[in-house]
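This is work.csv. It holds CSV, C-alpha atoms and all ligand atoms.
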chain,number,residue,atom,x,y,z
A,142,MET,CA,-4.0,3.9,58.7
A,143,ALA,CA,-6.5,1.1,58.1
A,144,SER,CA,-9.2,3.0,60.0
A,145,LEU,CA,-9.1,6.1,57.8
A,146,PRO,CA,-12.5,7.0,56.5
A,147,ARG,CA,-13.0,5.8,52.9
A,148,PHE,CA,-15.9,8.0,51.9
A,149,ILE,CA,-15.9,11.6,52.9
A,150,ALA,CA,-18.4,14.4,52.0
A,151,ILE,CA,-17.7,18.1,52.2
A,152,GLU,CA,-20.8,20.2,52.7
A,153,GLY,CA,-22.0,23.8,53.0
A,154,ILE,CA,-24.0,26.5,51.4
A,155,ASP,CA,-23.1,28.1,48.0
A,156,GLY,CA,-19.9,30.0,48.5
A,157,ALA,CA,-18.8,28.1,51.7
A,158,GLY,CA,-15.7,26.9,49.8
A,159,THR,CA,-16.5,23.2,49.5
A,160,SER,CA,-15.0,22.8,46.0
A,161,THR,CA,-11.7,24.6,47.0
A,162,GLN,CA,-11.5,22.5,50.1
A,163,CYS,CA,-12.1,19.2,48.3
A,164,ALA,CA,-9.2,20.0,46.0
A,165,LYS,CA,-6.9,21.1,48.8
A,166,VAL,CA,-7.7,18.2,51.0
A,167,ALA,CA,-7.2,15.8,48.1
A,168,ASP,CA,-3.8,17.3,47.3
A,169,ALA,CA,-2.7,17.0,51.0
A,170,LEU,CA,-3.8,13.3,51.2
A,171,ARG,CA,-2.1,12.5,47.9
A,172,ALA,CA,1.1,14.1,49.1
A,173,ALA,CA,0.9,11.9,52.2
A,174,GLY,CA,0.7,8.8,49.8
A,175,HIS,CA,-3.0,8.1,49.7
A,176,ALA,CA,-4.9,7.2,46.6
A,177,VAL,CA,-7.8,9.8,46.4
A,178,HIS,CA,-10.8,10.0,44.0
A,179,THR,CA,-12.4,13.4,44.0
A,180,THR,CA,-16.0,13.8,42.8
A,181,ARG,CA,-19.0,16.1,43.2
A,182,GLU,CA,-22.8,16.2,43.3
A,183,PRO,CA,-24.6,16.9,41.0
A,184,SER,CA,-22.2,14.4,39.4
A,185,ASP,CA,-20.7,14.5,36.0
A,186,ASN,CA,-22.7,11.4,35.0
A,187,PRO,CA,-25.8,11.6,32.8
A,188,ILE,CA,-28.4,12.4,35.5
A,189,GLY,CA,-26.1,15.0,37.0
A,190,LEU,CA,-25.8,16.7,33.7
A,191,VAL,CA,-29.5,17.0,33.5
A,192,ILE,CA,-29.5,18.6,36.9
A,193,ARG,CA,-26.7,21.1,36.0
A,194,HIS,CA,-28.7,22.1,33.0
A,195,ALA,CA,-31.8,22.7,35.2
A,196,LEU,CA,-29.7,24.7,37.7
A,197,THR,CA,-28.6,27.2,35.0
A,198,SER,CA,-31.3,27.3,32.4
A,199,ALA,CA,-34.3,29.6,32.5
A,200,GLY,CA,-36.6,26.6,32.2
A,201,ARG,CA,-38.1,25.8,35.6
A,202,PHE,CA,-38.1,22.2,36.8
A,203,ASP,CA,-40.6,21.3,39.5
A,204,GLU,CA,-38.8,21.3,42.9
A,205,LYS,CA,-40.2,17.8,43.7
A,206,ALA,CA,-38.8,16.6,40.4
A,207,MET,CA,-35.5,18.2,41.3
A,208,ALA,CA,-35.4,16.3,44.6
A,209,LEU,CA,-35.9,13.0,42.8
A,210,LEU,CA,-33.2,13.9,40.2
A,211,PHE,CA,-30.7,14.7,43.0
A,212,ALA,CA,-31.6,11.4,44.7
A,213,ALA,CA,-31.4,9.4,41.5
A,214,ASP,CA,-28.1,11.0,40.5
A,215,ARG,CA,-26.7,10.1,43.9
A,216,LEU,CA,-27.6,6.4,43.7
A,217,ASP,CA,-26.3,6.2,40.1
A,218,HIS,CA,-23.1,8.1,41.2
A,219,MET,CA,-22.6,5.6,44.1
A,220,SER,CA,-22.8,2.4,42.0
A,221,ARG,CA,-21.1,3.8,38.9
A,222,GLU,CA,-18.3,5.8,40.4
A,223,ILE,CA,-18.0,5.9,44.2
A,224,GLU,CA,-18.2,2.2,45.1
A,225,PRO,CA,-15.8,1.1,42.4
A,226,ALA,CA,-13.2,3.7,43.5
A,227,ILE,CA,-13.6,2.6,47.2
A,228,GLN,CA,-13.2,-1.1,46.0
A,229,GLU,CA,-10.0,-0.1,44.2
A,230,GLY,CA,-8.6,1.3,47.5
A,231,ALA,CA,-9.1,5.0,47.0
A,232,ILE,CA,-10.4,7.5,49.6
A,233,VAL,CA,-13.4,9.1,47.9
A,234,LEU,CA,-13.9,12.8,48.6
A,235,THR,CA,-17.2,14.2,47.4
A,236,ASP,CA,-18.1,17.9,47.0
A,237,ARG,CA,-21.7,17.6,48.4
A,238,TYR,CA,-23.8,14.5,49.2
A,239,VAL,CA,-27.0,13.7,51.1
A,240,MET,CA,-26.7,16.6,53.5
A,241,SER,CA,-27.2,19.0,50.5
A,242,SER,CA,-30.6,17.4,49.7
A,243,LEU,CA,-31.6,17.4,53.4
A,244,ALA,CA,-30.8,21.1,53.5
A,245,TYR,CA,-31.8,22.5,50.1
A,246,GLN,CA,-34.7,20.2,49.0
A,247,ALA,CA,-36.1,20.0,52.5
A,248,GLU,CA,-36.0,23.8,52.8
A,249,LEU,CA,-37.5,24.4,49.4
A,250,LEU,CA,-40.3,21.9,49.9
A,251,GLY,CA,-40.9,22.8,53.6
A,252,GLU,CA,-40.0,19.3,54.8
A,253,PRO,CA,-39.1,18.6,58.5
A,254,GLU,CA,-35.4,18.5,59.4
A,255,ASN,CA,-35.5,15.1,61.0
A,256,GLY,CA,-36.9,13.0,58.2
A,257,GLY,CA,-39.7,13.3,55.8
A,258,TRP,CA,-39.8,12.5,52.1
A,259,ILE,CA,-36.3,13.8,51.3
A,260,ALA,CA,-34.9,11.3,53.8
A,261,THR,CA,-37.0,8.5,52.4
A,262,ILE,CA,-35.9,9.0,48.8
A,263,ASN,CA,-32.3,9.1,50.0
A,264,ARG,CA,-32.6,6.0,52.2
A,265,TYR,CA,-30.5,3.7,50.0
A,266,ALA,CA,-27.6,6.1,49.7
A,267,ARG,CA,-24.7,4.7,51.7
A,268,HIS,CA,-23.8,6.8,54.7
A,269,ALA,CA,-20.6,8.8,54.4
A,270,ASP,CA,-17.9,7.7,56.9
A,271,LEU,CA,-17.3,11.4,57.6
A,272,THR,CA,-19.3,14.5,56.6
A,273,CYS,CA,-17.4,17.8,57.1
A,274,PHE,CA,-19.9,20.7,57.2
A,275,VAL,CA,-18.0,23.9,56.3
A,276,ASP,CA,-20.0,26.5,58.2
A,277,VAL,CA,-20.0,30.2,57.0
A,278,ASP,CA,-22.6,32.8,57.5
A,279,ALA,CA,-24.7,33.8,54.4
A,280,GLY,CA,-23.0,37.2,54.1
A,281,THR,CA,-19.5,35.8,53.9
A,282,ALA,CA,-20.7,33.3,51.3
A,283,LEU,CA,-22.4,36.0,49.3
A,284,GLU,CA,-19.2,38.0,49.2
A,285,ARG,CA,-17.3,35.0,48.0
A,286,ARG,CA,-19.8,34.2,45.3
A,287,THR,CA,-19.7,37.8,44.1
A,288,GLN,CA,-15.8,37.7,43.9
A,289,ARG,CA,-15.9,34.4,42.1
A,290,GLY,CA,-18.3,35.8,39.4
A,291,GLY,CA,-20.0,33.4,36.9
A,292,PRO,CA,-23.7,33.0,36.1
A,293,ALA,CA,-26.3,33.1,38.8
A,294,GLU,CA,-27.6,29.6,39.7
A,295,ARG,CA,-31.0,28.5,40.7
A,296,TYR,CA,-30.5,28.4,44.5
A,297,ASP,CA,-28.1,31.4,44.8
A,298,ASP,CA,-30.7,33.7,46.2
A,299,HIS,CA,-29.5,35.3,49.4
A,300,PRO,CA,-32.6,35.0,51.6
A,301,LEU,CA,-32.7,31.3,50.7
A,302,GLN,CA,-29.0,30.9,51.6
A,303,GLU,CA,-29.7,32.5,55.0
A,304,ARG,CA,-32.4,29.8,55.6
A,305,LEU,CA,-30.0,27.1,54.4
A,306,VAL,CA,-27.4,28.2,57.0
A,307,ARG,CA,-30.0,27.5,59.7
A,308,ARG,CA,-30.9,24.2,58.1
A,309,TYR,CA,-27.3,23.0,57.9
A,310,ARG,CA,-26.6,24.0,61.5
A,311,ALA,CA,-29.7,22.0,62.7
A,312,LEU,CA,-28.8,19.0,60.5
A,313,GLN,CA,-25.4,18.7,62.0
A,314,ALA,CA,-26.7,16.7,65.0
A,315,LEU,CA,-28.9,14.5,62.7
A,316,VAL,CA,-26.5,13.5,60.0
A,317,PRO,CA,-24.3,10.5,61.1
A,318,LYS,CA,-20.6,11.3,61.7
A,319,CYS,CA,-20.9,14.9,60.8
A,320,VAL,CA,-18.4,17.5,62.1
A,321,ARG,CA,-18.6,21.3,61.9
A,322,ILE,CA,-15.6,23.2,60.5
A,323,ASP,CA,-15.3,26.9,60.9
A,324,GLY,CA,-15.4,28.0,57.3
A,325,SER,CA,-14.7,31.7,58.0
A,326,ALA,CA,-11.1,30.9,58.9
A,327,ALA,CA,-8.2,31.3,56.4
A,328,LEU,CA,-8.3,28.7,53.5
A,329,ASP,CA,-5.3,26.7,54.8
A,330,LYS,CA,-6.7,26.6,58.3
A,331,VAL,CA,-9.9,25.2,57.0
A,332,THR,CA,-8.0,22.5,55.1
A,333,GLN,CA,-6.0,21.6,58.2
A,334,ALA,CA,-9.2,21.3,60.3
A,335,ILE,CA,-10.7,19.0,57.7
A,336,LEU,CA,-7.5,16.9,57.5
A,337,SER,CA,-7.3,16.6,61.3
A,338,HIS,CA,-10.8,15.1,61.4
A,339,ILE,CA,-9.9,12.6,58.5
A,340,LEU,CA,-6.7,11.5,60.1
A,341,ARG,CA,-8.0,11.2,63.6
A,342,ASN,CA,-10.8,8.8,62.6
A,401,LIG,P1,-22.4,23.2,43.3
A,401,LIG,O1,-21.8,22.3,42.3
A,401,LIG,O2,-21.8,23.2,44.7
A,401,LIG,O3,-22.5,24.7,42.8
A,401,LIG,P2,-21.5,25.3,41.8
A,401,LIG,O4,-21.9,24.8,40.4
A,401,LIG,O5,-21.8,26.8,41.9
A,401,LIG,O6,-20.1,25.0,42.2
A,401,LIG,O7,-24.0,22.8,43.5
A,401,LIG,C1,-24.9,23.1,42.6
A,401,LIG,C2,-26.2,23.5,43.3
A,401,LIG,O8,-27.0,22.4,43.6
A,401,LIG,C3,-26.0,24.2,44.7
A,401,LIG,O9,-26.8,25.4,44.7
A,401,LIG,C4,-26.5,23.2,45.7
A,401,LIG,C5,-27.5,22.4,44.9
A,401,LIG,N1,-27.8,21.0,45.4
A,401,LIG,C6,-29.0,20.7,45.9
A,401,LIG,O10,-29.9,21.6,45.9
A,401,LIG,N2,-29.2,19.5,46.3
A,401,LIG,C7,-28.3,18.5,46.3
A,401,LIG,O11,-28.6,17.3,46.7
A,401,LIG,C8,-27.0,18.8,45.7
A,401,LIG,C9,-26.0,17.8,45.6
A,401,LIG,C10,-26.8,20.1,45.3
Taking this structure as input, can you express it in the form of structure tokens?
Ligand code: TYD
Amino acid sequence: MASLPRFIAIEGIDGAGTSTQCAKVADALRAAGHAVHTTREPSDNPIGLVIRHALTSAGRFDEKAMALLFAADRLDHMSREIEPAIQEGAIVLTDRYVMSSLAYQAELLGEPENGGWIATINRYARHADLTCFVDVDAGTALERRTQRGGPAERYDDHPLQERLVRRYRALQALVPKCVRIDGSAALDKVTQAILSHILRN
């Protein structure tokens, strides 16, 4: 019990099911008696709200400025919300973390996979104890986004999502304590796969 990971990130492209899985994994952990704090990035804190506005508004933000906003939101999220929840004894589950920036912002800016400026500006972000990369192909993710509906977001573009799948797969070996989960399986199977990694730690 004492060795359960305290800080867990769920990652994947848009439509991979990270939000659904965060909620389902949190429910299962709570049912097993654990205190769980769920959160997401962009966060619901002030810098995250600026990012969410930029993701949906027609106004274009410079991509380098976006990269800095994601990194700033992350550090603020850590000190304001994640660290205090861990201190209080909760398991923190976040829907997206550093791997998202290493995939999205590095791809958008043409940065190398194994480092570069995106890694530098995220250097002070604490490593997750476990990162679960929910791997789906871009076609499956597109179908799910279409079914879900809602307004198009800045990075929803299908050709970009195809490139992001390749980024994520390459990053798997570079992000510490990262495991790949087959996200094309049935919802409950994906949840079980994530739980087995959390509980085996
Ligand atoms: P998300 O909240 O998962 O999307 P939705 O609002 O549809 O549930 O994430 C918002 C978008 O932000 C998504 O396209 C991924 C992107 N993103 C980055 O580009 N870099 C980052 O560091 C993070 C955390 C998210």
Practice task
List all protein, DNA and RNA residues that have an atom no more than 9 Å from any atom of ligand LIG 401 (chain A), counting all atoms listed in the file, and report them as JSON, numbers by chain.
Solution key: {"A": [152, 153, 154, 155, 156, 158, 159, 160, 181, 182, 183, 184, 192, 193, 196, 197, 207, 208, 210, 211, 212, 214, 215, 236, 237, 238, 239, 240, 241, 242, 243, 244, 245, 246, 249, 286, 291, 292, 293, 294, 295, 296, 297]}
For those residues, write C-alpha atoms to a file as a PDB file, in the coordinates of the input.
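Saved the output as result-v3.pdb:
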ATOM      1  CA  GLU A 152     -20.800  20.200  52.700  1.00  0.00           C
ATOM      2  CA  GLY A 153     -22.000  23.800  53.000  1.00  0.00           C
ATOM      3  CA  ILE A 154     -24.000  26.500  51.400  1.00  0.00           C
ATOM      4  CA  ASP A 155     -23.100  28.100  48.000  1.00  0.00           C
ATOM      5  CA  GLY A 156     -19.900  30.000  48.500  1.00  0.00           C
ATOM      6  CA  GLY A 158     -15.700  26.900  49.800  1.00  0.00           C
ATOM      7  CA  THR A 159     -16.500  23.200  49.500  1.00  0.00           C
ATOM      8  CA  SER A 160     -15.000  22.800  46.000  1.00  0.00           C
ATOM      9  CA  ARG A 181     -19.000  16.100  43.200  1.00  0.00           C
ATOM     10  CA  GLU A 182     -22.800  16.200  43.300  1.00  0.00           C
ATOM     11  CA  PRO A 183     -24.600  16.900  41.000  1.00  0.00           C
ATOM     12  CA  SER A 184     -22.200  14.400  39.400  1.00  0.00           C
ATOM     13  CA  ILE A 192     -29.500  18.600  36.900  1.00  0.00           C
ATOM     14  CA  ARG A 193     -26.700  21.100  36.000  1.00  0.00           C
ATOM     15  CA  LEU A 196     -29.700  24.700  37.700  1.00  0.00           C
ATOM     16  CA  THR A 197     -28.600  27.200  35.000  1.00  0.00           C
ATOM     17  CA  MET A 207     -35.500  18.200  41.300  1.00  0.00           C
ATOM     18  CA  ALA A 208     -35.400  16.300  44.600  1.00  0.00           C
ATOM     19  CA  LEU A 210     -33.200  13.900  40.200  1.00  0.00           C
ATOM     20  CA  PHE A 211     -30.700  14.700  43.000  1.00  0.00           C
ATOM     21  CA  ALA A 212     -31.600  11.400  44.700  1.00  0.00           C
ATOM     22  CA  ASP A 214     -28.100  11.000  40.500  1.00  0.00           C
ATOM     23  CA  ARG A 215     -26.700  10.100  43.900  1.00  0.00           C
ATOM     24  CA  ASP A 236     -18.100  17.900  47.000  1.00  0.00           C
ATOM     25  CA  ARG A 237     -21.700  17.600  48.400  1.00  0.00           C
ATOM     26  CA  TYR A 238     -23.800  14.500  49.200  1.00  0.00           C
ATOM     27  CA  VAL A 239     -27.000  13.700  51.100  1.00  0.00           C
ATOM     28  CA  MET A 240     -26.700  16.600  53.500  1.00  0.00           C
ATOM     29  CA  SER A 241     -27.200  19.000  50.500  1.00  0.00           C
ATOM     30  CA  SER A 242     -30.600  17.400  49.700  1.00  0.00           C
ATOM     31  CA  LEU A 243     -31.600  17.400  53.400  1.00  0.00           C
ATOM     32  CA  ALA A 244     -30.800  21.100  53.500  1.00  0.00           C
ATOM     33  CA  TYR A 245     -31.800  22.500  50.100  1.00  0.00           C
ATOM     34  CA  GLN A 246     -34.700  20.200  49.000  1.00  0.00           C
ATOM     35  CA  LEU A 249     -37.500  24.400  49.400  1.00  0.00           C
ATOM     36  CA  ARG A 286     -19.800  34.200  45.300  1.00  0.00           C
ATOM     37  CA  GLY A 291     -20.000  33.400  36.900  1.00  0.00           C
ATOM     38  CA  PRO A 292     -23.700  33.000  36.100  1.00  0.00           C
ATOM     39  CA  ALA A 293     -26.300  33.100  38.800  1.00  0.00           C
ATOM     40  CA  GLU A 294     -27.600  29.600  39.700  1.00  0.00           C
ATOM     41  CA  ARG A 295     -31.000  28.500  40.700  1.00  0.00           C
ATOM     42  CA  TYR A 296     -30.500  28.400  44.500  1.00  0.00           C
ATOM     43  CA  ASP A 297     -28.100  31.400  44.800  1.00  0.00           C
TER      44      ASP A 297
END
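Note that atom CA of A:Gly290 and atom CA of A:Arg201 are 22.5 Å apart.
Atom CA of A:Glu284 is positioned 13.2 Å from atom CA of A:Glu303.
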Exercise for the section: Would you list the contacts of A:Pro317 as number ranges by chain, taking every protein, DNA or RNA residue within 9 Å and counting all atoms listed in the file, but skipping same-chain residues closer than 4 positions in sequence? Expected result: A: 268-272, 313
Practice task
Record the distance separating atom CA of A:Ala334 and atom CA of A:Thr287, expressed in Å with one decimal.
Solution key: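 Separation between atom CA of A:Ala334 and atom CA of A:Thr287: 25.4 Å.
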Which neighbours of stretch 326-328 of chain A fall inside 10 Å, counting all atoms listed in the file, when residues of the same chain fewer than 6 positions from it are skipped, and could you give them as a compact mmCIF listing (two decimals) with C-alpha atoms, keeping the file's coordinate frame?
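Wrote around_0.txt, looks like this:
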# COMPACT_ATOMS: atom_id res chain seq x y z
CA GLY A 158 -15.70 26.90 49.80
CA THR A 161 -11.70 24.60 47.00
CA GLN A 162 -11.50 22.50 50.10
CA LYS A 165 -6.90 21.10 48.80
CA ASP A 276 -20.00 26.50 58.20
CA VAL A 277 -20.00 30.20 57.00
CA ALA A 334 -9.20 21.30 60.30
Handout entry: Residue nearest A:Leu234 among A:Glu248, A:Glu222, A:Asp217, A:Asp278 (counting all atoms listed in the file)
Key =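 When distances to A:Leu234 are compared using all atoms listed in the file, the smallest one comes from A:Glu222.
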Problem - Nearest to A:Gly230, chosen from A:Ile335, A:Ala157, A:Val177, A:Ala311, with all atoms listed in the file counted in the distances - result: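 Residue with the minimum atom-to-atom distance to A:Gly230: A:Val177.
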